[in-house]
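Undergrad: If it helps, the file is called run04.cif and holds mmCIF, C-alpha atoms:
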```cif
data_my_file
#
loop_
_atom_site.group_PDB
_atom_site.id
_atom_site.type_symbol
_atom_site.label_atom_id
_atom_site.label_comp_id
_atom_site.auth_asym_id
_atom_site.auth_seq_id
_atom_site.Cartn_x
_atom_site.Cartn_y
_atom_site.Cartn_z
ATOM 1 C CA MET A 244 104.510 82.346 99.678
ATOM 2 C CA ASP A 245 104.323 85.359 101.937
ATOM 3 C CA ALA A 246 106.175 88.571 101.224
ATOM 4 C CA VAL A 247 107.896 90.645 103.834
ATOM 5 C CA ASN A 248 107.236 94.273 104.574
ATOM 6 C CA ASP A 249 108.869 94.182 107.978
ATOM 7 C CA ALA A 250 109.912 97.371 109.742
ATOM 8 C CA ALA A 251 112.337 95.322 111.807
ATOM 9 C CA ASN A 252 114.102 94.183 108.631
ATOM 10 C CA HIS A 253 113.312 97.146 106.394
ATOM 11 C CA THR A 254 110.104 97.737 104.512
ATOM 12 C CA ALA A 255 109.638 95.848 101.248
ATOM 13 C CA GLU A 256 107.099 97.534 99.021
ATOM 14 C CA SER A 257 106.234 97.894 95.388
ATOM 15 C CA VAL A 258 107.431 101.027 93.681
ATOM 16 C CA PRO A 259 105.466 103.141 91.193
ATOM 17 C CA GLY A 260 107.074 104.310 88.007
ATOM 18 C CA GLN A 261 105.598 106.832 85.583
ATOM 19 C CA PRO A 262 101.850 107.313 85.029
ATOM 20 C CA SER A 263 100.330 105.145 82.307
ATOM 21 C CA THR A 264 98.515 106.560 79.312
ATOM 22 C CA ALA A 265 96.449 103.390 78.960
ATOM 23 C CA ALA A 266 93.074 102.895 80.604
ATOM 24 C CA ALA A 267 93.560 101.846 84.207
ATOM 25 C CA PRO A 268 92.624 98.206 84.889
ATOM 26 C CA THR A 269 90.799 97.130 87.996
ATOM 27 C CA ALA A 270 92.758 96.893 91.225
ATOM 28 C CA ALA A 271 92.047 93.175 91.320
ATOM 29 C CA ALA A 272 93.638 92.720 87.897
ATOM 30 C CA ARG A 273 96.662 94.721 89.003
ATOM 31 C CA ARG A 274 97.114 92.597 92.102
ATOM 32 C CA GLN A 275 96.938 89.430 90.002
ATOM 33 C CA GLY A 276 100.239 90.428 88.456
ATOM 34 C CA SER A 277 99.042 91.780 85.136
ATOM 35 C CA GLY A 278 101.871 94.307 85.188
ATOM 36 C CA SER A 279 99.471 97.065 84.159
ATOM 37 C CA ARG A 280 98.656 99.536 86.933
ATOM 38 C CA LEU A 281 97.670 103.120 87.454
ATOM 39 C CA TYR A 282 101.374 103.511 88.183
ATOM 40 C CA PRO A 283 103.214 100.732 86.270
ATOM 41 C CA ARG A 284 105.876 99.417 88.623
ATOM 42 C CA VAL A 285 108.100 96.513 89.416
ATOM 43 C CA THR A 286 107.264 94.540 92.498
ATOM 44 C CA SER A 287 109.791 94.717 95.287
ATOM 45 C CA PHE A 288 108.457 92.229 97.799
ATOM 46 C CA ARG A 289 111.118 90.073 99.340
ATOM 47 C CA SER A 290 109.577 86.611 99.321
ATOM 48 C CA ARG A 291 109.799 85.019 102.728
ATOM 49 C CA ARG A 292 108.051 82.062 104.295
ATOM 50 C CA GLY A 293 106.707 82.152 107.790
ATOM 51 C CA ALA A 294 104.197 80.184 109.797
ATOM 52 C CA LEU A 295 102.262 81.353 112.816
ATOM 53 C CA THR A 296 102.767 79.704 116.171
ATOM 54 C CA ALA A 297 99.759 78.073 117.778
ATOM 55 C CA THR A 298 99.242 81.008 120.145
ATOM 56 C CA GLN A 299 99.653 83.510 117.322
ATOM 57 C CA GLN A 300 97.063 81.662 115.263
ATOM 58 C CA GLN A 301 94.617 81.634 118.163
ATOM 59 C CA SER A 302 95.026 85.370 118.691
ATOM 60 C CA TRP A 303 94.750 85.935 114.937
ATOM 61 C CA ASP A 304 91.502 83.986 114.777
ATOM 62 C CA ARG A 305 90.038 85.996 117.635
ATOM 63 C CA MET A 306 91.186 89.462 116.567
ATOM 64 C CA TRP A 307 91.677 89.602 112.797
ATOM 65 C CA PRO A 308 87.965 89.653 111.879
ATOM 66 C CA SER A 309 87.561 92.915 113.782
ATOM 67 C CA ILE A 310 90.933 94.678 113.457
ATOM 68 C CA GLY A 311 92.346 93.276 110.223
ATOM 69 C CA ARG A 312 91.499 93.152 106.527
ATOM 70 C CA GLU A 313 93.090 92.107 103.284
ATOM 71 C CA VAL A 314 93.675 94.894 100.772
ATOM 72 C CA ALA A 315 90.545 95.295 98.630
ATOM 73 C CA ASP A 316 89.150 97.427 95.827
ATOM 74 C CA GLU A 317 86.546 99.205 97.938
ATOM 75 C CA PRO A 318 87.154 102.662 99.439
ATOM 76 C CA LEU A 319 87.858 102.412 103.144
ATOM 77 C CA ASP A 320 85.321 103.756 105.639
ATOM 78 C CA ALA A 321 87.758 104.324 108.483
ATOM 79 C CA ALA A 322 85.237 105.942 110.824
ATOM 80 C CA ALA A 323 82.961 102.907 110.612
ATOM 81 C CA TRP A 324 85.867 100.497 111.077
ATOM 82 C CA PHE A 325 87.202 102.277 114.156
ATOM 83 C CA GLY A 326 83.755 103.162 115.438
ATOM 84 C CA ARG A 327 84.651 106.834 115.759
ATOM 85 C CA GLU A 328 85.654 109.921 113.827
ATOM 86 C CA ALA A 329 89.336 110.728 114.425
ATOM 87 C CA PRO A 330 92.388 111.878 112.434
ATOM 88 C CA LEU A 331 93.684 108.961 110.350
ATOM 89 C CA VAL A 332 97.353 107.965 110.100
ATOM 90 C CA ILE A 333 98.771 105.083 108.090
ATOM 91 C CA GLU A 334 102.110 103.395 108.648
ATOM 92 C CA ILE A 335 103.595 101.687 105.607
ATOM 93 C CA GLY A 336 105.588 98.630 106.596
ATOM 94 C CA CYS A 337 104.585 98.263 110.235
ATOM 95 C CA GLY A 338 106.509 94.974 110.505
ATOM 96 C CA THR A 339 106.178 93.365 113.907
ATOM 97 C CA GLY A 340 104.518 96.506 115.215
ATOM 98 C CA THR A 341 106.845 97.573 118.012
ATOM 99 C CA ALA A 342 106.757 101.221 116.959
ATOM 100 C CA THR A 343 103.150 100.990 115.788
ATOM 101 C CA ALA A 344 101.840 99.897 119.161
ATOM 102 C CA ALA A 345 103.914 102.420 121.112
ATOM 103 C CA MET A 346 102.827 105.328 118.928
ATOM 104 C CA ALA A 347 99.169 104.289 119.044
ATOM 105 C CA GLN A 348 99.310 104.225 122.835
ATOM 106 C CA ALA A 349 101.076 107.604 122.929
ATOM 107 C CA GLU A 350 98.504 109.149 120.552
ATOM 108 C CA PRO A 351 95.119 107.701 121.569
ATOM 109 C CA HIS A 352 93.322 110.526 119.758
ATOM 110 C CA LEU A 353 94.519 109.185 116.381
ATOM 111 C CA ASN A 354 93.208 106.267 114.339
ATOM 112 C CA LEU A 355 96.238 104.290 113.134
ATOM 113 C CA ILE A 356 96.282 101.780 110.279
ATOM 114 C CA GLY A 357 99.374 99.626 109.816
ATOM 115 C CA ILE A 358 100.018 98.169 106.365
ATOM 116 C CA GLU A 359 102.136 95.036 106.085
ATOM 117 C CA VAL A 360 102.415 91.963 103.860
ATOM 118 C CA TYR A 361 104.296 89.606 106.209
ATOM 119 C CA GLN A 362 101.722 87.670 108.229
ATOM 120 C CA PRO A 363 103.979 86.492 111.107
ATOM 121 C CA GLY A 364 104.980 90.113 111.706
ATOM 122 C CA LEU A 365 101.343 91.185 111.705
ATOM 123 C CA ALA A 366 100.526 88.301 114.046
ATOM 124 C CA GLN A 367 102.952 89.642 116.645
ATOM 125 C CA LEU A 368 101.225 93.010 116.503
ATOM 126 C CA VAL A 369 97.788 91.369 116.675
ATOM 127 C CA GLN A 370 98.893 89.599 119.856
ATOM 128 C CA ARG A 371 100.063 92.868 121.390
ATOM 129 C CA VAL A 372 96.854 94.669 120.440
ATOM 130 C CA GLU A 373 94.890 91.917 122.156
ATOM 131 C CA ARG A 374 97.162 91.638 125.184
ATOM 132 C CA GLU A 375 97.390 95.374 125.841
ATOM 133 C CA ARG A 376 93.888 96.187 124.593
ATOM 134 C CA ILE A 377 95.007 98.888 122.178
ATOM 135 C CA PRO A 378 91.774 100.256 120.677
ATOM 136 C CA ASN A 379 93.070 102.583 117.950
ATOM 137 C CA ILE A 380 94.997 100.184 115.687
ATOM 138 C CA ARG A 381 93.667 98.518 112.540
ATOM 139 C CA LEU A 382 95.699 96.435 110.088
ATOM 140 C CA LEU A 383 95.713 95.923 106.332
ATOM 141 C CA ARG A 384 97.600 93.036 104.782
ATOM 142 C CA GLY A 385 98.826 93.765 101.274
ATOM 143 C CA ASP A 386 100.483 96.304 99.023
ATOM 144 C CA ALA A 387 100.543 99.822 100.417
ATOM 145 C CA VAL A 388 100.376 101.418 96.972
ATOM 146 C CA ASP A 389 97.170 99.479 96.284
ATOM 147 C CA VAL A 390 95.824 100.849 99.555
ATOM 148 C CA LEU A 391 96.694 104.424 98.628
ATOM 149 C CA GLU A 392 95.361 104.101 95.091
ATOM 150 C CA ASN A 393 92.114 102.303 95.795
ATOM 151 C CA MET A 394 91.148 102.517 99.466
ATOM 152 C CA ILE A 395 92.201 105.970 100.650
ATOM 153 C CA ALA A 396 90.419 109.126 99.515
ATOM 154 C CA GLU A 397 92.313 112.235 98.498
ATOM 155 C CA GLN A 398 93.048 114.683 101.333
ATOM 156 C CA SER A 399 91.837 112.247 103.973
ATOM 157 C CA LEU A 400 95.026 111.375 105.883
ATOM 158 C CA THR A 401 96.515 113.307 108.762
ATOM 159 C CA GLY A 402 99.785 111.438 108.536
ATOM 160 C CA VAL A 403 101.802 108.837 106.649
ATOM 161 C CA ARG A 404 104.750 107.129 108.318
ATOM 162 C CA VAL A 405 107.409 105.129 106.467
ATOM 163 C CA PHE A 406 110.064 103.907 108.869
ATOM 164 C CA PHE A 407 113.153 102.107 107.528
ATOM 165 C CA PRO A 408 111.911 101.224 104.036
ATOM 166 C CA ASP A 409 113.958 98.608 102.229
ATOM 167 C CA PRO A 410 116.967 100.481 100.741
ATOM 168 C CA TRP A 411 117.618 97.979 97.936
ATOM 169 C CA PRO A 412 121.298 98.979 98.090
ATOM 170 C CA LYS A 413 122.462 97.533 94.766
ATOM 171 C CA ALA A 414 122.263 100.121 91.996
ATOM 172 C CA ARG A 415 120.379 97.781 89.669
ATOM 173 C CA HIS A 416 117.660 97.423 92.320
ATOM 174 C CA HIS A 417 117.127 101.129 93.033
ATOM 175 C CA LYS A 418 114.024 101.075 90.819
ATOM 176 C CA ARG A 419 112.440 98.811 93.435
ATOM 177 C CA ARG A 420 112.648 101.415 96.172
ATOM 178 C CA LEU A 421 109.281 102.514 97.488
ATOM 179 C CA LEU A 422 109.841 106.260 97.703
ATOM 180 C CA GLN A 423 110.058 107.211 94.058
ATOM 181 C CA PRO A 424 108.538 110.455 92.708
ATOM 182 C CA ALA A 425 105.196 108.886 91.710
ATOM 183 C CA THR A 426 104.741 107.268 95.116
ATOM 184 C CA VAL A 427 105.545 110.452 97.003
ATOM 185 C CA LYS A 428 103.116 112.357 94.785
ATOM 186 C CA LEU A 429 100.457 109.734 95.530
ATOM 187 C CA ILE A 430 101.108 109.955 99.270
ATOM 188 C CA ALA A 431 100.948 113.746 99.160
ATOM 189 C CA SER A 432 97.628 113.633 97.322
ATOM 190 C CA ARG A 433 96.139 111.544 100.131
ATOM 191 C CA LEU A 434 97.333 113.904 102.876
ATOM 192 C CA ARG A 435 95.003 116.648 103.973
ATOM 193 C CA PRO A 436 96.437 120.184 104.087
ATOM 194 C CA GLY A 437 98.680 120.290 107.139
ATOM 195 C CA GLY A 438 99.121 116.525 107.099
ATOM 196 C CA VAL A 439 102.578 115.050 107.715
ATOM 197 C CA LEU A 440 104.815 112.595 105.859
ATOM 198 C CA HIS A 441 107.473 111.214 108.207
ATOM 199 C CA VAL A 442 110.240 108.993 106.834
ATOM 200 C CA ALA A 443 113.188 107.478 108.669
ATOM 201 C CA THR A 444 116.085 105.519 107.178
ATOM 202 C CA ASP A 445 119.515 104.298 108.260
ATOM 203 C CA HIS A 446 120.778 104.072 104.666
ATOM 204 C CA ALA A 447 122.694 107.209 103.628
ATOM 205 C CA ASP A 448 122.281 106.791 99.870
ATOM 206 C CA TYR A 449 118.558 106.161 100.157
ATOM 207 C CA ALA A 450 118.225 109.151 102.484
ATOM 208 C CA GLU A 451 119.740 111.356 99.781
ATOM 209 C CA GLN A 452 117.307 110.003 97.202
ATOM 210 C CA ILE A 453 114.304 110.426 99.491
ATOM 211 C CA LEU A 454 115.349 113.988 100.280
ATOM 212 C CA GLU A 455 115.689 114.806 96.587
ATOM 213 C CA VAL A 456 112.314 113.263 95.739
ATOM 214 C CA GLY A 457 110.454 114.835 98.652
ATOM 215 C CA SER A 458 111.978 118.255 98.071
ATOM 216 C CA ALA A 459 110.882 118.132 94.429
ATOM 217 C CA GLU A 460 107.256 117.366 95.297
ATOM 218 C CA PRO A 461 105.353 120.696 95.071
ATOM 219 C CA GLN A 462 102.635 119.570 97.493
ATOM 220 C CA LEU A 463 105.135 119.227 100.343
ATOM 221 C CA ILE A 464 107.182 121.593 102.486
ATOM 222 C CA GLY A 465 110.013 120.664 104.837
ATOM 223 C CA LEU A 466 109.238 120.605 108.550
ATOM 224 C CA ASN A 467 112.551 119.513 110.047
ATOM 225 C CA GLU A 468 116.159 120.515 109.539
ATOM 226 C CA THR A 469 116.934 117.683 107.120
ATOM 227 C CA THR A 470 114.164 118.800 104.776
ATOM 228 C CA GLY A 471 114.916 122.523 105.060
ATOM 229 C CA GLY A 472 112.544 123.397 107.885
ATOM 230 C CA VAL A 473 112.885 124.102 111.591
ATOM 231 C CA SER A 474 111.401 121.297 113.668
ATOM 232 C CA ALA A 475 111.015 123.490 116.769
ATOM 233 C CA GLU A 476 108.573 125.665 114.836
ATOM 234 C CA HIS A 477 106.309 122.740 113.998
ATOM 235 C CA ARG A 478 106.798 120.091 116.683
ATOM 236 C CA ASP A 479 104.113 121.440 119.017
ATOM 237 C CA THR A 480 101.575 122.275 116.330
ATOM 238 C CA ALA A 481 101.920 119.304 113.964
ATOM 239 C CA PRO A 482 98.909 116.959 113.997
ATOM 240 C CA ILE A 483 101.103 113.901 114.686
ATOM 241 C CA GLY A 484 104.164 113.530 116.871
ATOM 242 C CA PHE A 485 107.662 113.715 115.447
ATOM 243 C CA GLU A 486 109.071 111.273 118.010
ATOM 244 C CA ARG A 487 109.548 107.564 117.306
ATOM 245 C CA PRO A 488 110.185 104.725 119.734
ATOM 246 C CA VAL A 489 113.526 103.036 119.131
ATOM 247 C CA THR A 490 112.955 99.546 117.758
ATOM 248 C CA LYS A 491 115.271 96.555 118.127
ATOM 249 C CA PHE A 492 116.383 97.054 114.531
ATOM 250 C CA GLU A 493 117.188 100.707 115.106
ATOM 251 C CA GLY A 494 119.143 99.828 118.236
ATOM 252 C CA LYS A 495 121.319 97.515 116.147
ATOM 253 C CA ALA A 496 121.833 100.280 113.601
ATOM 254 C CA HIS A 497 122.951 102.658 116.344
ATOM 255 C CA ARG A 498 125.405 100.102 117.732
ATOM 256 C CA ALA A 499 126.781 99.538 114.246
ATOM 257 C CA GLY A 500 127.375 103.263 113.891
ATOM 258 C CA SER A 501 124.718 103.827 111.237
ATOM 259 C CA ALA A 502 123.235 107.313 111.276
ATOM 260 C CA ILE A 503 119.446 107.575 111.320
ATOM 261 C CA THR A 504 118.039 110.230 108.981
ATOM 262 C CA GLU A 505 114.616 111.698 109.773
ATOM 263 C CA LEU A 506 112.775 113.390 106.908
ATOM 264 C CA ILE A 507 109.541 115.202 107.758
ATOM 265 C CA TRP A 508 107.346 117.112 105.329
ATOM 266 C CA GLY A 509 103.987 118.825 105.643
ATOM 267 C CA LYS A 510 101.241 119.047 103.022
ATOM 268 C CA ILE A 511 100.765 122.626 101.924
ATOM 269 C CA ASP A 512 97.352 124.156 101.317
ATOM 270 C CA ILE A 513 97.213 124.714 97.552
#
```
With the file now loaded, output its structure as structure tokens.

TA:
Amino acid sequence: MDAVNDAANHTAESVPGQPSTAAAPTAAARRQGSGSRLYPRVTSFRSRRGALTATQQQSWDRMWPSIGREVADEPLDAAAWFGREAPLVIEIGCGTGTATAAMAQAEPHLNLIGIEVYQPGLAQLVQRVERERIPNIRLLRGDAVDVLENMIAEQSLTGVRVFFPDPWPKARHHKRRLLQPATVKLIASRLRPGGVLHVATDHADYAEQILEVGSAEPQLIGLNETTGGVSAEHRDTAPIGFERPVTKFEGKAHRAGSAITELIWGKIDI
């Protein structure tokens, strides 16, 4: 059964808890559901079935061997995968890739990796990459925390984007939210000095939690008004753009009167 990590229907990700004092098992053992991880955590994938259409499968078969990979234990050599040295940005929960593709085309100087667990959503993005010949997108299918823990080196990312993560609105499910203190600390450790963490949510309660967690992380400093900064002072000098294309999901949120909260932090040089 596939799990969904769809930006169009909120990101579903696993959420770290507190660091373990036990010896860390292999990433493969963690992914097999042992329950013992570098950051012990409950899984928060929303199980969801989905089959590819015939045309999606054909595009997948042509493109996935070169632009896609399953999450693995090995450190990622992004320069070799993209065939060039360029600033690296990851998007957690790229969903069907509407925003991913638009941002990659607007920022051709960046290497962009989208992380997603829902194959039909990835397949739509694979089709667009093929159709529009977008050269600077690569895709990882699996758990984003596994990617950060095992595939991404410290201080190697120019940006991390998390747009509309699953809010898990019921109080008993808040522990499943992605952006807990341990996850934000992990993200910050992977950002290079000056790198940017950009989060967007339409859920007011989750926005408050994210703001509290991000503001408490000593590796980060606010870059926009929501996080205590002044966006005009950083917009032109930040290594990634602050603008986002409006997705179909976000359009529905606007029409429903839901406010969109943007939270942008920068990695300080410590």

Undergrad: Could you check which of A:Lys428, A:Arg376, A:Arg327, A:His441 is closest to Arg487 in chain A, using all atoms listed in the file?

TA: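 Looking at the shortest contact to Arg487 in chain A, the residue is A:His441.
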
Undergrad: Within 9 Å of (111.7, 112.3, 106.4), only C-alpha atoms: residues as an mmCIF file with C-alpha atoms, in the coordinates of the input?

TA:
```cif
data_model
loop_
_atom_site.group_PDB
_atom_site.id
_atom_site.type_symbol
_atom_site.label_atom_id
_atom_site.label_comp_id
_atom_site.auth_asym_id
_atom_site.auth_seq_id
_atom_site.Cartn_x
_atom_site.Cartn_y
_atom_site.Cartn_z
ATOM 1 C CA ARG A 404 104.750 107.129 108.318
ATOM 2 C CA VAL A 405 107.409 105.129 106.467
ATOM 3 C CA PHE A 406 110.064 103.907 108.869
ATOM 4 C CA LEU A 440 104.815 112.595 105.859
ATOM 5 C CA HIS A 441 107.473 111.214 108.207
ATOM 6 C CA VAL A 442 110.240 108.993 106.834
ATOM 7 C CA ALA A 443 113.188 107.478 108.669
ATOM 8 C CA THR A 444 116.085 105.519 107.178
ATOM 9 C CA ALA A 450 118.225 109.151 102.484
ATOM 10 C CA ILE A 453 114.304 110.426 99.491
ATOM 11 C CA LEU A 454 115.349 113.988 100.280
ATOM 12 C CA GLY A 457 110.454 114.835 98.652
ATOM 13 C CA GLY A 465 110.013 120.664 104.837
ATOM 14 C CA LEU A 466 109.238 120.605 108.550
ATOM 15 C CA ASN A 467 112.551 119.513 110.047
ATOM 16 C CA THR A 469 116.934 117.683 107.120
ATOM 17 C CA THR A 470 114.164 118.800 104.776
ATOM 18 C CA THR A 504 118.039 110.230 108.981
ATOM 19 C CA GLU A 505 114.616 111.698 109.773
ATOM 20 C CA LEU A 506 112.775 113.390 106.908
ATOM 21 C CA ILE A 507 109.541 115.202 107.758
ATOM 22 C CA TRP A 508 107.346 117.112 105.329
#
```

Undergrad: Counting only C-alpha atoms, note down every residue that has an atom within 12 Å of the point (120.2, 107.0, 113.6) (file coordinates), as a PyMOL selection string.

TA: chain A and resi 406-407+443-447+450+487-490+492-506

Undergrad: Would you kindly return, as a list in words, each protein, DNA or RNA residue with an atom no farther than 10 Å from any atom of Leu382 in chain A, considering all atoms listed in the file and excluding same-chain residues fewer than 2 positions away?

TA: Trp307, Ser309, Ile310, Gly311, Arg312, Glu313, Val314, Ile333, Glu334, Cys337, Leu355, Ile356, Gly357, Ile358, Glu359, Leu365, Leu368, Val369, Ile380, Arg384 and Gly385 of chain A

Undergrad: Could you tell me how far CA of Tyr449 in chain A lies from CA of Pro410 in chain A, in Å and to one decimal?

TA: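 Calculated distance between CA of Tyr449 in chain A and CA of Pro410 in chain A is 5.9 Å.
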
Undergrad: Determine the nearest neighbour of Leu400 in chain A from the options A:Pro363, A:Gly472, A:Gly438, A:Pro482, counting all atoms listed in the file.

TA: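 The answer is A:Gly438, which sits nearest to Leu400 in chain A.
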
Undergrad: Enclose all atoms of range 358-367 of chain A listed in the file in an axis-aligned box, grow every side by 3 Å, and hand back centre and edge lengths in Å to one decimal, as AutoDock Vina command-line options.

TA:
```
--center_x 102.5 --center_y 92.3 --center_z 110.3 --size_x 11.0 --size_y 17.7 --size_z 18.8
```

Undergrad: Pull out every residue that the PyMOL selection byres ((chain A and resi 432) around 12) matches in the shown coordinates and put them as a ChimeraX atom specification.

TA: /A:391-392,395-403,425-431,433-440,460-463,509-513

Undergrad: Between CA of His477 in chain A and CA of Leu331 in chain A, what is the distance in Å, rounded to a tenth?

TA: 19.0 Å

Undergrad: Expand the PyMOL selection byres ((chain A and resi 299) around 12) into the explicit residue set it covers here, and present it as a PyMOL selection string.

TA: chain A and resi 293-298+300-307+362-374

Undergrad: Write the residues of the selection above to a file with C-alpha atoms, as a PDB file, in the coordinates of the input.

TA:
```
ATOM      1  CA  GLY A 293     106.707  82.152 107.790  1.00  0.00           C
ATOM      2  CA  ALA A 294     104.197  80.184 109.797  1.00  0.00           C
ATOM      3  CA  LEU A 295     102.262  81.353 112.816  1.00  0.00           C
ATOM      4  CA  THR A 296     102.767  79.704 116.171  1.00  0.00           C
ATOM      5  CA  ALA A 297      99.759  78.073 117.778  1.00  0.00           C
ATOM      6  CA  THR A 298      99.242  81.008 120.145  1.00  0.00           C
ATOM      7  CA  GLN A 300      97.063  81.662 115.263  1.00  0.00           C
ATOM      8  CA  GLN A 301      94.617  81.634 118.163  1.00  0.00           C
ATOM      9  CA  SER A 302      95.026  85.370 118.691  1.00  0.00           C
ATOM     10  CA  TRP A 303      94.750  85.935 114.937  1.00  0.00           C
ATOM     11  CA  ASP A 304      91.502  83.986 114.777  1.00  0.00           C
ATOM     12  CA  ARG A 305      90.038  85.996 117.635  1.00  0.00           C
ATOM     13  CA  MET A 306      91.186  89.462 116.567  1.00  0.00           C
ATOM     14  CA  TRP A 307      91.677  89.602 112.797  1.00  0.00           C
ATOM     15  CA  GLN A 362     101.722  87.670 108.229  1.00  0.00           C
ATOM     16  CA  PRO A 363     103.979  86.492 111.107  1.00  0.00           C
ATOM     17  CA  GLY A 364     104.980  90.113 111.706  1.00  0.00           C
ATOM     18  CA  LEU A 365     101.343  91.185 111.705  1.00  0.00           C
ATOM     19  CA  ALA A 366     100.526  88.301 114.046  1.00  0.00           C
ATOM     20  CA  GLN A 367     102.952  89.642 116.645  1.00  0.00           C
ATOM     21  CA  LEU A 368     101.225  93.010 116.503  1.00  0.00           C
ATOM     22  CA  VAL A 369      97.788  91.369 116.675  1.00  0.00           C
ATOM     23  CA  GLN A 370      98.893  89.599 119.856  1.00  0.00           C
ATOM     24  CA  ARG A 371     100.063  92.868 121.390  1.00  0.00           C
ATOM     25  CA  VAL A 372      96.854  94.669 120.440  1.00  0.00           C
ATOM     26  CA  GLU A 373      94.890  91.917 122.156  1.00  0.00           C
ATOM     27  CA  ARG A 374      97.162  91.638 125.184  1.00  0.00           C
TER      28      ARG A 374
END
```

Undergrad: Quick one: distance from CA of Pro412 in chain A to CA of Gln452 in chain A in Å, one decimal?

TA: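 These atoms are spaced 11.8 Å apart.
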
Undergrad: Could all heavy atoms be built for range 411-416 of chain A and written out as a PDB file, in the coordinates of the input?

TA:
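Output below, filename rebuild06.pdb:
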```pdb
ATOM      1  N   TRP A 411     117.171  98.590  99.182  1.00  0.00           N
ATOM      2  CA  TRP A 411     117.618  97.979  97.936  1.00  0.00           C
ATOM      3  C   TRP A 411     118.965  98.574  97.527  1.00  0.00           C
ATOM      4  O   TRP A 411     119.068  99.341  96.567  1.00  0.00           O
ATOM      5  CB  TRP A 411     116.574  98.167  96.836  1.00  0.00           C
ATOM      6  CG  TRP A 411     115.315  97.383  97.083  1.00  0.00           C
ATOM      7  CD1 TRP A 411     114.151  97.850  97.608  1.00  0.00           C
ATOM      8  CD2 TRP A 411     115.117  95.991  96.846  1.00  0.00           C
ATOM      9  NE1 TRP A 411     113.226  96.827  97.711  1.00  0.00           N
ATOM     10  CE2 TRP A 411     113.794  95.683  97.241  1.00  0.00           C
ATOM     11  CE3 TRP A 411     115.906  94.967  96.315  1.00  0.00           C
ATOM     12  CZ2 TRP A 411     113.255  94.393  97.143  1.00  0.00           C
ATOM     13  CZ3 TRP A 411     115.365  93.688  96.217  1.00  0.00           C
ATOM     14  CH2 TRP A 411     114.068  93.412  96.627  1.00  0.00           C
ATOM     15  N   PRO A 412     120.032  98.248  98.238  1.00  0.00           N
ATOM     16  CA  PRO A 412     121.298  98.979  98.090  1.00  0.00           C
ATOM     17  C   PRO A 412     122.003  98.814  96.751  1.00  0.00           C
ATOM     18  O   PRO A 412     122.739  99.708  96.345  1.00  0.00           O
ATOM     19  CB  PRO A 412     122.148  98.417  99.233  1.00  0.00           C
ATOM     20  CG  PRO A 412     121.551  97.084  99.547  1.00  0.00           C
ATOM     21  CD  PRO A 412     120.086  97.225  99.302  1.00  0.00           C
ATOM     22  N   LYS A 413     121.782  97.702  96.051  1.00  0.00           N
ATOM     23  CA  LYS A 413     122.462  97.533  94.766  1.00  0.00           C
ATOM     24  C   LYS A 413     121.858  98.483  93.731  1.00  0.00           C
ATOM     25  O   LYS A 413     120.644  98.621  93.638  1.00  0.00           O
ATOM     26  CB  LYS A 413     122.348  96.093  94.291  1.00  0.00           C
ATOM     27  CG  LYS A 413     123.089  95.099  95.183  1.00  0.00           C
ATOM     28  CD  LYS A 413     122.967  93.673  94.656  1.00  0.00           C
ATOM     29  CE  LYS A 413     123.722  92.698  95.554  1.00  0.00           C
ATOM     30  NZ  LYS A 413     123.599  91.292  95.080  1.00  0.00           N
ATOM     31  N   ALA A 414     122.713  99.111  92.947  1.00  0.00           N
ATOM     32  CA  ALA A 414     122.263 100.121  91.996  1.00  0.00           C
ATOM     33  C   ALA A 414     121.205  99.575  91.039  1.00  0.00           C
ATOM     34  O   ALA A 414     120.242 100.264  90.702  1.00  0.00           O
ATOM     35  CB  ALA A 414     123.448 100.666  91.205  1.00  0.00           C
ATOM     36  N   ARG A 415     121.342  98.335  90.626  1.00  0.00           N
ATOM     37  CA  ARG A 415     120.379  97.781  89.669  1.00  0.00           C
ATOM     38  C   ARG A 415     118.998  97.553  90.291  1.00  0.00           C
ATOM     39  O   ARG A 415     118.027  97.310  89.585  1.00  0.00           O
ATOM     40  CB  ARG A 415     120.913  96.476  89.074  1.00  0.00           C
ATOM     41  CG  ARG A 415     121.000  95.303  90.050  1.00  0.00           C
ATOM     42  CD  ARG A 415     121.499  94.059  89.311  1.00  0.00           C
ATOM     43  NE  ARG A 415     121.541  92.873  90.157  1.00  0.00           N
ATOM     44  CZ  ARG A 415     122.566  92.522  90.900  1.00  0.00           C
ATOM     45  NH1 ARG A 415     123.667  93.286  90.903  1.00  0.00           N
ATOM     46  NH2 ARG A 415     122.535  91.425  91.627  1.00  0.00           N
ATOM     47  N   HIS A 416     118.928  97.621  91.629  1.00  0.00           N
ATOM     48  CA  HIS A 416     117.660  97.423  92.320  1.00  0.00           C
ATOM     49  C   HIS A 416     117.024  98.729  92.795  1.00  0.00           C
ATOM     50  O   HIS A 416     115.961  98.699  93.411  1.00  0.00           O
ATOM     51  CB  HIS A 416     117.867  96.510  93.535  1.00  0.00           C
ATOM     52  CG  HIS A 416     118.195  95.095  93.168  1.00  0.00           C
ATOM     53  ND1 HIS A 416     118.895  94.257  94.020  1.00  0.00           N
ATOM     54  CD2 HIS A 416     117.934  94.373  92.044  1.00  0.00           C
ATOM     55  CE1 HIS A 416     119.043  93.076  93.429  1.00  0.00           C
ATOM     56  NE2 HIS A 416     118.471  93.134  92.235  1.00  0.00           N
TER      57      HIS A 416
END
```
